Amino acid sequence: MPFEKNDFIEVEFTGRIKEGEIFDSNVLEELKKLNPKAEAKPFILSLGNGMFLEGIENFLIGKEIGKYEIELKPENAFGFRNPNLIQKMPIKVFFEHKINPVPGAVFSFDNKIGKVLAVSGGRVMMDFNNPLAGKDVVYNINVLRKIENLDEKIKSLVEFLFKSNFSYKIENKKIILEVDKGFKAFAELFKDKFKELLDLDLEVEEKENLPENNNNA
């Protein structure tokens, strides 16, 4: 049957720029070309919920299990280059962090990835555009299966939303999620999403801190 919005599916994928260079994959043979030490991991997503590129998710809605090649223009992939994201920064910012900025180097500032374009006169020209911005890309997608198992759905959703593998249990149409201390309020923001995708009410509990060992013997 054709896939519908909110369906969970498992895919293998390889993304490359239209000229041919691979930039991402979860297929072991292709992944090793990017990083010889990398390990391929299954990828499960819920269609229409921003877990992959919007252009790919939209394409797969209405499709079935099988292989597809999807070409995406920048507006459906990584966006267009924004001149405002090319910024000058004082070189002392780098020196304070014991970093030597050289053209081509990539650093993270406030969770933004930037590439050094040039260094001149105590200033560093940084480009905070996505490296793939403005490029046509091609994805080879192999849809392996539709996910019916509830545990697989929950694990993929939890990992996507929270970038963590929090433990959980299911009781009477309710998922009880155990999160780190101080994380409860954030996790509760996604109650509607759990209800929409899994038809489960979300209850969040925080992990208890382990008692300190006061044995001074």
# chains A, B, ... in the order shown; residues from 1 in each chain; ligands from 1
$ residues_around --residues "stretch 175-184 of chain A" --least-positions-apart "4" --cutoff "7 Å" --atoms "only C-alpha atoms" --output "number ranges by chain"
A: 166-171, 188, 200-207
$ write_last_selection --atoms "N, CA and C atoms" --output "compact mmCIF listing (two decimals), in the first residue's frame"
# COMPACT_ATOMS: atom_id res chain seq x y z
N PHE A 166 16.36 7.72 25.82
CA PHE A 166 15.72 7.65 27.13
C PHE A 166 14.92 6.36 27.26
N SER A 167 14.91 5.81 28.46
CA SER A 167 14.11 4.60 28.70
C SER A 167 12.64 4.97 28.86
N TYR A 168 11.78 4.00 28.64
CA TYR A 168 10.33 4.25 28.71
C TYR A 168 9.61 2.95 28.99
N LYS A 169 8.35 3.09 29.36
CA LYS A 169 7.46 1.94 29.47
C LYS A 169 6.08 2.36 29.02
N ILE A 170 5.28 1.39 28.61
CA ILE A 170 3.95 1.67 28.09
C ILE A 170 2.92 1.07 29.03
N GLU A 171 1.97 1.88 29.47
CA GLU A 171 0.90 1.42 30.35
C GLU A 171 -0.42 2.06 29.92
N GLU A 188 7.96 17.60 27.76
CA GLU A 188 6.50 17.70 27.77
C GLU A 188 5.96 18.57 26.64
N LEU A 200 -0.52 7.73 21.74
CA LEU A 200 -0.19 7.48 23.13
C LEU A 200 -0.10 8.80 23.87
N ASP A 201 -0.64 8.82 25.07
CA ASP A 201 -0.44 9.99 25.93
C ASP A 201 0.96 9.92 26.51
N LEU A 202 1.60 11.08 26.63
CA LEU A 202 2.97 11.14 27.13
C LEU A 202 2.99 11.62 28.58
N GLU A 203 3.65 10.84 29.42
CA GLU A 203 3.91 11.24 30.80
C GLU A 203 5.43 11.22 30.99
N VAL A 204 5.96 12.28 31.56
CA VAL A 204 7.41 12.42 31.69
C VAL A 204 7.82 12.36 33.15
N GLU A 205 8.79 11.51 33.44
CA GLU A 205 9.36 11.43 34.78
C GLU A 205 10.85 11.70 34.70
N GLU A 206 11.38 12.33 35.74
CA GLU A 206 12.82 12.60 35.78
C GLU A 206 13.54 11.51 36.57
N LYS A 207 14.74 11.18 36.11
CA LYS A 207 15.54 10.17 36.81
C LYS A 207 15.91 10.67 38.20
$ residues_around --residues "A:Phe95" --least-positions-apart "5" --cutoff "12 Å" --atoms "only C-alpha atoms" --output "PDB file with C-alpha atoms, in the first residue's frame"
ATOM      1  CA  MET A  89      35.040  38.073  13.408  1.00  0.00           C
ATOM      2  CA  PRO A  90      37.957  39.441  15.493  1.00  0.00           C
ATOM      3  CA  ASN A 100      44.459  28.957  14.792  1.00  0.00           C
ATOM      4  CA  PRO A 101      42.043  30.080  12.051  1.00  0.00           C
ATOM      5  CA  GLY A 122      43.150  40.951  12.642  1.00  0.00           C
ATOM      6  CA  ARG A 123      39.846  39.812  11.144  1.00  0.00           C
ATOM      7  CA  VAL A 124      38.589  36.401  10.132  1.00  0.00           C
TER       8      VAL A 124
END
$ residues_around --residues "A:Ala77" --least-positions-apart "4" --cutoff "12 Å" --atoms "only C-alpha atoms" --output "ChimeraX atom specification"
/A:15-17,52-58,70-73,81,130-139
$ residues_around --residues "stretch 149-160 of chain A" --least-positions-apart "3" --cutoff "12 Å" --atoms "only C-alpha atoms" --output "ChimeraX atom specification"
/A:6-10,41-47,49-52,145-146,163-170,173-179,187,190-191,193-200,202
$ select_by_dssp --residues "stretch 104-190 of chain A" --states "helix (DSSP H, G or I)" --output "ChimeraX atom specification"
/A:150-162,184-188
$ write_last_selection --atoms "C-alpha atoms" --output "PDB file, in the first residue's frame"
ATOM      1  CA  LEU A 150       5.535   0.212  18.311  1.00  0.00           C
ATOM      2  CA  ASP A 151       8.892  -0.012  20.104  1.00  0.00           C
ATOM      3  CA  GLU A 152      10.762   0.794  16.893  1.00  0.00           C
ATOM      4  CA  LYS A 153       8.523   3.788  16.318  1.00  0.00           C
ATOM      5  CA  ILE A 154       9.013   5.088  19.858  1.00  0.00           C
ATOM      6  CA  LYS A 155      12.791   4.680  19.802  1.00  0.00           C
ATOM      7  CA  SER A 156      13.147   6.493  16.493  1.00  0.00           C
ATOM      8  CA  LEU A 157      10.912   9.365  17.628  1.00  0.00           C
ATOM      9  CA  VAL A 158      12.657   9.737  21.010  1.00  0.00           C
ATOM     10  CA  GLU A 159      16.088   9.741  19.390  1.00  0.00           C
ATOM     11  CA  PHE A 160      15.021  12.300  16.800  1.00  0.00           C
ATOM     12  CA  LEU A 161      13.334  14.684  19.240  1.00  0.00           C
ATOM     13  CA  PHE A 162      15.752  14.440  22.149  1.00  0.00           C
ATOM     14  CA  LYS A 184      11.046  17.289  31.954  1.00  0.00           C
ATOM     15  CA  ALA A 185       9.569  20.637  30.893  1.00  0.00           C
ATOM     16  CA  PHE A 186      11.209  20.421  27.474  1.00  0.00           C
ATOM     17  CA  ALA A 187      10.093  16.837  26.864  1.00  0.00           C
ATOM     18  CA  GLU A 188       6.499  17.702  27.772  1.00  0.00           C
TER      19      GLU A 188
END
$ atom_distance --atom1 "atom CA of A:Ala105" --atom2 "atom CA of A:Asp127"
10.6 Å
